[in-house]
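Here's the structure we're looking at; comments come further down.
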Amino acid sequence: MKILVCISKTPDTTSKISFVNNGKEFNSEGIQYIMNPYDEWYALVRAVELKEKNGGSVTVINVGDVSSEIVIRKALAIGADDAIRVDVSPESSLQVAKEIAAHASGYDLVLTGKETIDYNGAEVGAMLAELLDLPYVSFAFKLEKEGDNWLVSREVEGGTETLKVGGPIVLSAAKGMAEQRIPNMQGIMMAKKKPLNVVASIGAEKGSVVASHEMPPAKSGVKMIAPDDMDTLVKLLHEEAKVI
Amino acid sequence: MSVLIAVEPVNGTINKGGFELATFARLTADQLGTEANALVLGNASNAGELGKYGIHTVHTLQHPNLEVFDSQVYSKVIAQAAKQLGANIVVVRHTANGKSILGRLAILMSADAVSGVNAAPQAGSVFTVSKSVYSGKAIAHYQLSSNTKVLSLMGNALQPQFLGQEVNPQAISLEVGNPKLQLVSRETETGHVPLPEAEKVVSAGRGMKGPENWGIVEELAAALGATTACSRPVADTGWRPHHEHVGQTGVAIRPNLYIAIGISGAIQHLAGVNNSKTIVVINKDPEAPFFKAADYGVVGDLFEVVPRLTEAVKKFKNA
């Protein structure tokens, strides 16, 4: 079984976000980058578990410049066998999907995280599935191999559903799919020797890109209410905030 | 050119999210001097009501192949409808299903795509849409130059408005492919509004000290008609189910009212909830960072404050 896991580099969850150049550019000063948590905790770890159980290989692919290699090495330390880095700084999900699609043929399973924690788009998986003409299951929290089929459980509006589908498929992974794995020393040492193939960009079109950013409006300040006066809080929520 | 919304009924009815979509489409169409139409995929008893929220023509499509949601089948149907109806802007909801349609439509229709749009577009000389990014820590503006556009609308981003009359839905004939996905089972959660759509959310954290104490949270939620949520440590320790986890790596929400009980307000938690219209924080620690992001704050023992608030809400509702 051949599995491809798409991984992205995102600012650490504790990052303070700001922009420079009139809101056009992300201010990367002092920012620590991590592997997008959904890609790492759920997509990658489940891929490694499936390989451990059924045999095969796990390849990770990232669209990014050389600064992505730290998260790619981490993916190799967690258990991926080899990696592809498409050498271009991505600006849109369309660009990422098209660059990945150029290398995504011949896999039984292509996994992404449910979304990245920077642009929260949840777009790449669906675009990739369409480009590869494959079925797509989004927000999957359970994935099992059953003979020639995949058994997938996913979140839907107002509940969950379980689906059966023959391979190959593209799938986005959500919480519940797997548990985070901390790479051990042996994994980290082995990761240094695993192949990381850098390939040139195909020059994919970008489609819609961000024109500018701004910060959300700041709260005007908190109104404190005495803990024994909840009638006042209810009154304010009704008359001032108009939410009840 | 026109605007087309694709609506999926949930359990046989179009919910508030569908009406938000109708209003969004109408506001967009008005700016462009065109009309907003709807494609309803599946059986909906209230499809004609979309007219009240601004839809010109409601097209309905019922087909056994639509009974299982296969994004490949749905996307091809929607792209076909857009072509047939001359729509150049297609809008879907930013739900699990909507997200899996959006990316496919972007490819199928060679369209500019933006997911999770959070307000009506500015369709002046340049078509501009905005969305919340970095899990609520910032807002991004997109300028779309392509004539064809596909958007997904964030739930509760705008309120449905009465912009028209109820209409008679018309059946549309479209080719529906065979799904590759086969439905094995479906579990429906009933009795509460799912978090991403909830208008009121009561959320609690480690300050609750243990899962056995959650009764007071549920009572407050019941009194308000709110959905319950929790912080990440609470979900990770198994006190509450994972689907209740709101925050940067959980569900991002934007209710009208968010009440945070015994949650300190770590930056990752705030990221998922700071789009809430009104935030109430109840915490015994006056230094809790959450107070800085709150509209109303109560410093006190939550085991005393929360039942008192529940009583006050009940008293208000009965008055």
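Residues are referred to by chain and number: the chain letter is A, B, ... according to the order shown in the structure tokens, the number counts from 1 in that chain, and ligands are numbered separately from 1 in the order shown.
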Legend entry - helix (DSSP H, G or I) residues, from DSSP on the backbone, in range 10-203 of chain A, as number ranges by chain: A: 37-54, 66-78, 93-101, 124-132, 185-191
Could you name the residues that touch Gly205 in chain B at 7 Å or less, counting only C-alpha atoms, but leaving out those on the same chain fewer than 6 positions away, as a PDB file with C-alpha atoms, in the first residue's frame?
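After the write, out_1.pdb holds the following:
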```
ATOM      1  CA  CYS B 230     -15.337  22.834  26.247  1.00  0.00           C
ATOM      2  CA  SER B 231     -11.652  23.743  26.188  1.00  0.00           C
ATOM      3  CA  VAL B 234     -11.109  19.032  29.045  1.00  0.00           C
ATOM      4  CA  ILE B 261     -16.742  29.136  32.550  1.00  0.00           C
ATOM      5  CA  GLY B 262     -13.480  28.283  34.291  1.00  0.00           C
ATOM      6  CA  ILE B 263     -11.445  28.757  31.100  1.00  0.00           C
TER       7      ILE B 263
END
```
Inset, instruction - Excluding Asn213 in chain B and residues on its chain fewer than 5 positions from it, collect all residues at most 12 Å away from it, counting only C-alpha atoms, and give them as a list in words. - result: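 Within the cut-off, the hits are Ala204, Gly205, Arg206, Gly207, Met208, Glu218, Glu219, Trp239, Arg240, Gly262, Leu302, Phe303, Val306 and Pro307 of chain B.
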Generate a file of the selected residues that holds N, CA and C atoms, formatted as a compact mmCIF listing (two decimals), in the first residue's frame.
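This went into selection.txt:
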```txt
# COMPACT_ATOMS: atom_id res chain seq x y z
N ALA B 204 -17.05 25.29 29.06
CA ALA B 204 -16.38 25.21 30.37
C ALA B 204 -15.02 24.55 30.25
N GLY B 205 -14.17 24.85 31.21
CA GLY B 205 -12.79 24.36 31.17
C GLY B 205 -12.38 23.64 32.44
N ARG B 206 -11.07 23.64 32.66
CA ARG B 206 -10.52 22.87 33.78
C ARG B 206 -11.00 23.33 35.15
N GLY B 207 -11.46 24.60 35.21
CA GLY B 207 -11.98 25.12 36.46
C GLY B 207 -13.16 24.32 37.00
N MET B 208 -13.73 23.45 36.16
CA MET B 208 -14.86 22.63 36.59
C MET B 208 -14.43 21.49 37.51
N GLU B 218 -24.68 22.30 31.97
CA GLU B 218 -25.80 21.85 31.13
C GLU B 218 -27.10 22.55 31.50
N GLU B 219 -27.28 22.81 32.80
CA GLU B 219 -28.50 23.51 33.22
C GLU B 219 -28.53 24.94 32.68
N TRP B 239 -12.94 14.31 29.78
CA TRP B 239 -14.09 14.75 30.59
C TRP B 239 -15.30 14.98 29.70
N ARG B 240 -15.02 15.49 28.47
CA ARG B 240 -16.09 15.78 27.52
C ARG B 240 -15.70 15.23 26.15
N GLY B 262 -14.68 28.97 33.82
CA GLY B 262 -13.48 28.28 34.29
C GLY B 262 -12.49 27.98 33.18
N LEU B 302 -17.16 29.66 40.35
CA LEU B 302 -18.13 29.27 39.32
C LEU B 302 -19.23 28.36 39.87
N PHE B 303 -18.90 27.59 40.93
CA PHE B 303 -19.91 26.70 41.48
C PHE B 303 -21.04 27.47 42.16
N VAL B 306 -22.50 30.18 38.51
CA VAL B 306 -23.23 29.57 37.39
C VAL B 306 -24.68 29.24 37.76
N PRO B 307 -24.93 28.54 38.91
CA PRO B 307 -26.34 28.29 39.27
C PRO B 307 -27.13 29.58 39.46
```
Inset, instruction - Compile the contact shell of Leu132 in chain A as a ChimeraX atom specification: residues with an atom at most 8 Å away, counting only C-alpha atoms, same-chain residues fewer than 4 positions apart removed. - result: /A:101,104-105,128
Legend entry - Selection near Phe139 in chain A, 7 Å with only C-alpha atoms, sequence-local residues under 5 positions removed, as a ChimeraX atom specification: /A:114,154-155,172-174 /B:96
Could you please take those selected residues and save C-alpha atoms as a CSV table (one decimal), in the first residue's frame?
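Heads up, here's the output in part04.csv:
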```csv
chain,number,residue,atom,x,y,z
A,114,LYS,CA,-8.8,18.8,7.6
A,154,ARG,CA,-16.7,11.4,8.9
A,155,GLU,CA,-18.4,14.3,10.6
A,172,SER,CA,-8.9,14.8,5.0
A,173,ALA,CA,-8.2,13.9,8.6
A,174,ALA,CA,-9.8,15.4,11.7
B,96,ALA,CA,-18.1,19.7,6.0
```
Inset, instruction - Just the residues within 6 Å of range 91-98 of chain A, please, counting only C-alpha atoms, with nothing from its chain fewer than 5 positions along; format it as a list in words. - result: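 Counting only the stated atoms, we get Val124, Leu128, Ala204, Glu205, Lys206 and Val209 of chain A.
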Same residues, C-alpha atoms, saved as a CSV table (one decimal), in the first residue's frame:
```csv
chain,number,residue,atom,x,y,z
A,124,VAL,CA,-6.5,21.6,-1.0
A,128,LEU,CA,-6.5,17.6,-5.3
A,204,ALA,CA,1.1,26.2,-11.3
A,205,GLU,CA,-1.3,29.2,-11.5
A,206,LYS,CA,-2.3,30.8,-8.2
A,209,VAL,CA,-4.6,35.3,-3.5
```
